[in-house]
$ cat target.pdb   # PDB, C-alpha atoms
ATOM      1  CA  MET A  93     141.455  71.704 120.243
ATOM      2  CA  LYS A  94     140.800  69.295 117.410
ATOM      3  CA  LEU A  95     140.216  72.005 114.792
ATOM      4  CA  LEU A  96     143.633  73.517 115.529
ATOM      5  CA  GLU A  97     145.419  70.158 115.482
ATOM      6  CA  GLU A  98     143.854  69.314 112.124
ATOM      7  CA  ARG A  99     144.961  72.665 110.702
ATOM      8  CA  ILE A 100     148.513  72.183 111.979
ATOM      9  CA  LEU A 101     148.673  68.736 110.389
ATOM     10  CA  ARG A 102     147.281  70.043 107.099
ATOM     11  CA  ASP A 103     149.179  73.334 106.750
ATOM     12  CA  GLY A 104     152.060  73.234 109.260
ATOM     13  CA  HIS A 105     155.606  72.295 108.288
ATOM     14  CA  VAL A 106     158.433  71.027 110.483
ATOM     15  CA  LYS A 107     161.801  72.612 109.773
ATOM     16  CA  GLU A 108     165.257  71.686 110.996
ATOM     17  CA  GLY A 109     165.884  72.555 114.647
ATOM     18  CA  ASN A 110     162.352  71.632 115.812
ATOM     19  CA  ILE A 111     160.843  74.729 114.220
ATOM     20  CA  LEU A 112     157.151  74.416 113.384
ATOM     21  CA  LYS A 113     156.094  76.721 110.559
ATOM     22  CA  VAL A 114     152.468  77.762 110.910
ATOM     23  CA  ASP A 115     152.897  81.101 109.199
ATOM     24  CA  SER A 116     150.214  80.460 106.581
ATOM     25  CA  PHE A 117     147.444  80.654 109.202
ATOM     26  CA  LEU A 118     148.740  81.621 112.667
ATOM     27  CA  ASN A 119     151.761  83.884 112.998
ATOM     28  CA  HIS A 120     152.306  85.676 109.699
ATOM     29  CA  GLN A 121     149.158  85.340 107.626
ATOM     30  CA  MET A 122     146.238  85.066 110.051
ATOM     31  CA  ASP A 123     143.118  82.952 109.602
ATOM     32  CA  ILE A 124     140.625  85.121 111.462
ATOM     33  CA  ALA A 125     137.922  82.437 111.548
ATOM     34  CA  LEU A 126     140.424  80.156 113.301
ATOM     35  CA  TYR A 127     141.408  83.026 115.621
ATOM     36  CA  GLN A 128     137.737  83.398 116.554
ATOM     37  CA  GLU A 129     137.600  79.731 117.564
ATOM     38  CA  ILE A 130     140.826  80.141 119.552
ATOM     39  CA  GLY A 131     139.404  83.191 121.349
ATOM     40  CA  LYS A 132     136.168  81.330 122.128
ATOM     41  CA  GLU A 133     138.134  78.414 123.553
ATOM     42  CA  PHE A 134     140.258  80.656 125.766
ATOM     43  CA  TYR A 135     137.047  82.295 126.965
ATOM     44  CA  ARG A 136     135.519  78.891 127.728
ATOM     45  CA  LEU A 137     138.612  77.909 129.714
ATOM     46  CA  PHE A 138     139.089  81.169 131.648
ATOM     47  CA  SER A 139     135.672  82.883 131.675
ATOM     48  CA  GLY A 140     135.132  82.377 135.404
ATOM     49  CA  CYS A 141     138.476  83.893 136.391
ATOM     50  CA  GLY A 142     137.555  87.591 136.503
ATOM     51  CA  VAL A 143     139.923  88.559 133.670
ATOM     52  CA  THR A 144     140.218  92.339 133.209
ATOM     53  CA  LYS A 145     143.141  92.433 130.776
ATOM     54  CA  ILE A 146     144.642  90.203 128.090
ATOM     55  CA  LEU A 147     148.455  90.499 127.913
ATOM     56  CA  THR A 148     150.790  89.257 125.190
ATOM     57  CA  ILE A 149     154.136  90.061 123.611
ATOM     58  CA  GLU A 150     154.670  91.589 120.181
ATOM     59  CA  ALA A 151     154.274  90.597 117.477
ATOM     60  CA  SER A 152     152.704  87.183 116.903
ATOM     61  CA  GLY A 153     150.540  87.261 120.012
ATOM     62  CA  ILE A 154     148.812  90.550 119.208
ATOM     63  CA  GLY A 155     146.142  89.186 116.861
ATOM     64  CA  ILE A 156     145.326  86.340 119.238
ATOM     65  CA  ALA A 157     145.110  88.752 122.183
ATOM     66  CA  CYS A 158     142.806  91.132 120.290
ATOM     67  CA  VAL A 159     140.361  88.437 119.229
ATOM     68  CA  THR A 160     140.416  86.847 122.696
ATOM     69  CA  ALA A 161     139.822  90.211 124.391
ATOM     70  CA  GLN A 162     136.567  90.590 122.444
ATOM     71  CA  PHE A 163     135.122  87.597 124.276
ATOM     72  CA  PHE A 164     136.233  88.894 127.677
ATOM     73  CA  HIS A 165     135.078  92.467 126.908
ATOM     74  CA  CYS A 166     138.375  93.830 128.165
ATOM     75  CA  PRO A 167     141.454  95.530 126.691
ATOM     76  CA  ALA A 168     144.287  93.674 125.004
ATOM     77  CA  LEU A 169     147.755  94.873 125.977
ATOM     78  CA  PHE A 170     151.075  93.881 124.449
ATOM     79  CA  ALA A 171     154.604  94.148 125.745
ATOM     80  CA  LYS A 172     156.807  96.031 123.317
ATOM     81  CA  LYS A 173     160.249  94.743 122.398
ATOM     82  CA  SER A 174     161.771  98.170 121.895
ATOM     83  CA  ARG A 175     161.186 101.589 123.325
ATOM     84  CA  THR A 176     159.607 103.971 120.840
ATOM     85  CA  LYS A 177     158.912 107.694 121.020
ATOM     86  CA  ASN A 178     155.251 107.071 121.739
ATOM     87  CA  ILE A 179     155.982 105.238 125.005
ATOM     88  CA  ASP A 180     156.025 107.960 127.586
ATOM     89  CA  GLY A 181     156.198 107.732 131.328
ATOM     90  CA  GLU A 182     157.345 104.861 133.476
ATOM     91  CA  VAL A 183     157.446 101.283 132.245
ATOM     92  CA  TYR A 184     157.745  97.798 133.648
ATOM     93  CA  THR A 185     160.586  95.893 131.982
ATOM     94  CA  SER A 186     161.820  92.329 131.837
ATOM     95  CA  GLN A 187     164.603  90.557 129.944
ATOM     96  CA  VAL A 188     163.550  87.745 127.580
ATOM     97  CA  GLU A 189     165.606  85.227 125.624
ATOM     98  CA  SER A 190     164.075  84.196 122.309
ATOM     99  CA  PHE A 191     164.266  80.597 121.120
ATOM    100  CA  THR A 192     163.071  81.608 117.646
ATOM    101  CA  HIS A 193     165.300  84.643 117.187
ATOM    102  CA  GLY A 194     168.310  83.313 119.084
ATOM    103  CA  GLY A 195     168.881  86.469 121.086
ATOM    104  CA  SER A 196     167.877  88.408 124.153
ATOM    105  CA  TYR A 197     165.760  91.546 124.351
ATOM    106  CA  GLN A 198     163.986  93.721 126.871
ATOM    107  CA  ILE A 199     160.194  93.873 126.894
ATOM    108  CA  MET A 200     158.240  96.758 128.346
ATOM    109  CA  VAL A 201     154.710  97.742 129.312
ATOM    110  CA  ALA A 202     153.670 101.246 130.310
ATOM    111  CA  LYS A 203     152.823 101.297 134.013
ATOM    112  CA  ARG A 204     149.615 103.223 133.410
ATOM    113  CA  PHE A 205     148.127 100.264 131.510
ATOM    114  CA  LEU A 206     148.733  97.558 134.122
ATOM    115  CA  THR A 207     147.724  98.091 137.744
ATOM    116  CA  PRO A 208     147.236  96.102 140.951
ATOM    117  CA  ASP A 209     143.495  96.077 140.174
ATOM    118  CA  ASP A 210     144.031  93.991 137.037
ATOM    119  CA  ARG A 211     143.425  90.260 136.722
ATOM    120  CA  VAL A 212     145.544  89.224 133.747
ATOM    121  CA  LEU A 213     145.282  86.417 131.222
ATOM    122  CA  ILE A 214     148.525  86.028 129.274
ATOM    123  CA  VAL A 215     148.091  84.643 125.751
ATOM    124  CA  ASP A 216     150.691  83.725 123.151
ATOM    125  CA  ASP A 217     151.011  81.720 119.965
ATOM    126  CA  PHE A 218     153.796  79.364 121.106
ATOM    127  CA  LEU A 219     155.265  77.971 124.305
ATOM    128  CA  ALA A 220     158.663  76.303 123.898
ATOM    129  CA  LYS A 221     161.293  77.201 126.488
ATOM    130  CA  GLY A 222     158.935  79.497 128.414
ATOM    131  CA  ASN A 223     161.049  82.645 128.362
ATOM    132  CA  ALA A 224     158.377  84.938 126.910
ATOM    133  CA  LEU A 225     155.831  83.749 129.477
ATOM    134  CA  LEU A 226     158.293  84.174 132.331
ATOM    135  CA  GLY A 227     159.043  87.732 131.174
ATOM    136  CA  LEU A 228     155.332  88.574 130.952
ATOM    137  CA  MET A 229     154.690  86.974 134.341
ATOM    138  CA  ASP A 230     157.494  89.119 135.776
ATOM    139  CA  ILE A 231     155.799  92.246 134.441
ATOM    140  CA  VAL A 232     152.431  91.188 135.938
ATOM    141  CA  ASP A 233     154.212  90.631 139.252
ATOM    142  CA  GLN A 234     155.974  94.029 139.099
ATOM    143  CA  ALA A 235     152.584  95.692 138.545
ATOM    144  CA  GLY A 236     151.112  93.951 141.581
ATOM    145  CA  ALA A 237     148.379  92.570 139.312
ATOM    146  CA  SER A 238     147.071  89.033 139.688
ATOM    147  CA  LEU A 239     147.555  86.321 137.099
ATOM    148  CA  ALA A 240     144.525  84.289 135.994
ATOM    149  CA  GLY A 241     146.704  82.008 133.888
ATOM    150  CA  CYS A 242     148.277  81.548 130.475
ATOM    151  CA  GLY A 243     146.499  80.589 127.266
ATOM    152  CA  ILE A 244     148.805  79.107 124.654
ATOM    153  CA  VAL A 245     147.839  78.203 121.103
ATOM    154  CA  VAL A 246     150.640  75.667 120.457
ATOM    155  CA  GLU A 247     152.882  74.174 123.144
ATOM    156  CA  LYS A 248     155.985  72.181 122.316
ATOM    157  CA  GLY A 249     155.505  69.623 125.083
ATOM    158  CA  PHE A 250     158.935  68.120 124.446
ATOM    159  CA  GLN A 251     160.601  71.362 125.568
ATOM    160  CA  GLU A 252     160.758  72.512 129.173
ATOM    161  CA  GLY A 253     158.728  75.741 129.082
ATOM    162  CA  GLY A 254     155.361  74.278 130.018
ATOM    163  CA  ARG A 255     156.826  72.305 132.897
ATOM    164  CA  ILE A 256     158.759  75.313 134.231
ATOM    165  CA  VAL A 257     155.725  77.599 134.217
ATOM    166  CA  ARG A 258     153.356  74.975 135.657
ATOM    167  CA  GLU A 259     155.847  74.177 138.447
ATOM    168  CA  LYS A 260     155.480  77.826 139.502
ATOM    169  CA  GLY A 261     151.827  77.059 140.207
ATOM    170  CA  VAL A 262     150.551  78.899 137.133
ATOM    171  CA  ARG A 263     147.568  77.550 135.245
ATOM    172  CA  VAL A 264     148.599  76.939 131.629
ATOM    173  CA  GLU A 265     145.995  75.912 129.065
ATOM    174  CA  SER A 266     147.461  74.939 125.697
ATOM    175  CA  LEU A 267     145.075  74.307 122.819
ATOM    176  CA  ALA A 268     147.467  71.923 121.043
ATOM    177  CA  ILE A 269     150.430  70.210 122.703
ATOM    178  CA  ILE A 270     153.026  68.609 120.461
ATOM    179  CA  ASP A 271     154.769  65.657 122.099
ATOM    180  CA  ARG A 272     157.325  65.253 119.326
ATOM    181  CA  MET A 273     158.278  66.266 115.827
ATOM    182  CA  GLU A 274     160.398  63.775 113.978
ATOM    183  CA  GLU A 275     161.205  63.406 110.305
ATOM    184  CA  GLY A 276     158.577  66.002 109.452
ATOM    185  CA  LYS A 277     155.853  64.227 111.432
ATOM    186  CA  ILE A 278     153.929  65.979 114.207
ATOM    187  CA  VAL A 279     152.620  63.895 117.130
ATOM    188  CA  PHE A 280     150.137  65.567 119.480
ATOM    189  CA  ARG A 281     149.595  64.769 123.126
ATOM    190  CA  PRO A 282     146.176  63.129 123.510
ATOM    191  CA  GLN A 283     143.466  65.579 124.564
ATOM    192  CA  GLU A 284     141.905  65.042 127.951
TER     193      GLU A 284
END
$ encode --input "target.pdb" --output "structure tokens"
Amino acid sequence: MKLLEERILRDGHVKEGNILKVDSFLNHQMDIALYQEIGKEFYRLFSGCGVTKILTIEASGIGIACVTAQFFHCPALFAKKSRTKNIDGEVYTSQVESFTHGGSYQIMVAKRFLTPDDRVLIVDDFLAKGNALLGLMDIVDQAGASLAGCGIVVEKGFQEGGRIVREKGVRVESLAIIDRMEEGKIVFRPQE
């Protein structure tokens, strides 16, 4: 998605450890006009897949999921990273390791919100090592729901996550794939 790549080049910053900071427009402060274009693109890519639910993980994926769900006319659902008093009843859980946070945590989704009748599109802001996607895919599998695919805003193509998920036969559509980040320079994979 050319618009996204241009925005990353203009406002993104590469930090030590292959961390891409896009917090001024994507995952802290949110550019809603850009989110609208992201949602439209995910709809274009997955509109024929019978999606009934958009699933993401808190917190950065929530805004993207909400905007995307508008185009699909379906609910957005997010996996919580901690059990709160307002989660009642049974839950699906999965263990996820975080590249960004350097730790492991359990995600959960209330069983009443994800059923075998659902056709799920997973969306998230980043794909690096693939752990968040694998955890969300595990929850979809536990629910007996079907997976339409995964929509990713930014994929770090030089890390193994995309390959791991695609080798499982899952359709992954990333709007911007970074082939490398070196000395503060971002190089995107050519768009097909």
$ closest_residue --input "target.pdb" --among "A:Asp209, A:Asp115, A:Asp216, A:Glu265" --to "Arg136 in chain A" --atoms "all atoms listed in the file"
A:Glu265
$ closest_atom_pairs --input "target.pdb" --of "range 154-222 of chain A" --to "range 127-134 of chain A" --cutoff "7 Å" --atoms "only C-alpha atoms" --output "Markdown table"
| residue | atom | partner | partner_atom | distance |
| --- | --- | --- | --- | --- |
| A:Ile156 | CA | A:Tyr127 | CA | 6.3 |
| A:Val159 | CA | A:Gly131 | CA | 5.7 |
| A:Thr160 | CA | A:Gly131 | CA | 4.0 |
| A:Phe163 | CA | A:Lys132 | CA | 6.7 |
$ residues_near_point --input "target.pdb" --point "(146.1, 87.6, 127.8)" --cutoff "9 Å" --atoms "all atoms listed in the file" --output "mmCIF file with C-alpha atoms, in the coordinates of the input"
data_model
loop_
_atom_site.group_PDB
_atom_site.id
_atom_site.type_symbol
_atom_site.label_atom_id
_atom_site.label_comp_id
_atom_site.auth_asym_id
_atom_site.auth_seq_id
_atom_site.Cartn_x
_atom_site.Cartn_y
_atom_site.Cartn_z
ATOM 1 C CA VAL A 143 139.923 88.559 133.670
ATOM 2 C CA LYS A 145 143.141 92.433 130.776
ATOM 3 C CA ILE A 146 144.642 90.203 128.090
ATOM 4 C CA LEU A 147 148.455 90.499 127.913
ATOM 5 C CA THR A 148 150.790 89.257 125.190
ATOM 6 C CA GLY A 153 150.540 87.261 120.012
ATOM 7 C CA ILE A 156 145.326 86.340 119.238
ATOM 8 C CA ALA A 157 145.110 88.752 122.183
ATOM 9 C CA CYS A 158 142.806 91.132 120.290
ATOM 10 C CA THR A 160 140.416 86.847 122.696
ATOM 11 C CA ALA A 161 139.822 90.211 124.391
ATOM 12 C CA ALA A 168 144.287 93.674 125.004
ATOM 13 C CA LEU A 169 147.755 94.873 125.977
ATOM 14 C CA PHE A 170 151.075 93.881 124.449
ATOM 15 C CA VAL A 212 145.544 89.224 133.747
ATOM 16 C CA LEU A 213 145.282 86.417 131.222
ATOM 17 C CA ILE A 214 148.525 86.028 129.274
ATOM 18 C CA VAL A 215 148.091 84.643 125.751
ATOM 19 C CA ASP A 216 150.691 83.725 123.151
ATOM 20 C CA ALA A 240 144.525 84.289 135.994
ATOM 21 C CA GLY A 241 146.704 82.008 133.888
ATOM 22 C CA CYS A 242 148.277 81.548 130.475
ATOM 23 C CA GLY A 243 146.499 80.589 127.266
#
$ residues_around --input "target.pdb" --residues "Gln283 in chain A" --least-positions-apart "2" --cutoff "10 Å" --atoms "only C-alpha atoms" --output "PyMOL selection string"
chain A and resi 93-94+267-269+280-281
$ atom_distance --input "target.pdb" --atom1 "CA of Glu182 in chain A" --atom2 "CA of Lys203 in chain A"
5.8 Å
$ resolve_selection --input "target.pdb" --expression "the PyMOL selection byres ((chain A and resi 207) around 12)" --output "list in words"
Thr144, Lys145, Val183, Tyr184, Val201, Ala202, Lys203, Arg204, Phe205, Leu206, Pro208, Asp209, Asp210, Arg211, Val212, Ile231, Val232, Asp233, Gln234, Ala235, Gly236, Ala237, Ser238 and Leu239 of chain A
$ residues_around --input "target.pdb" --residues "Tyr197 in chain A" --least-positions-apart "2" --cutoff "12 Å" --atoms "only C-alpha atoms" --output "ChimeraX atom specification"
/A:149-150,171-175,185-191,193-195,199-200,223-224,227
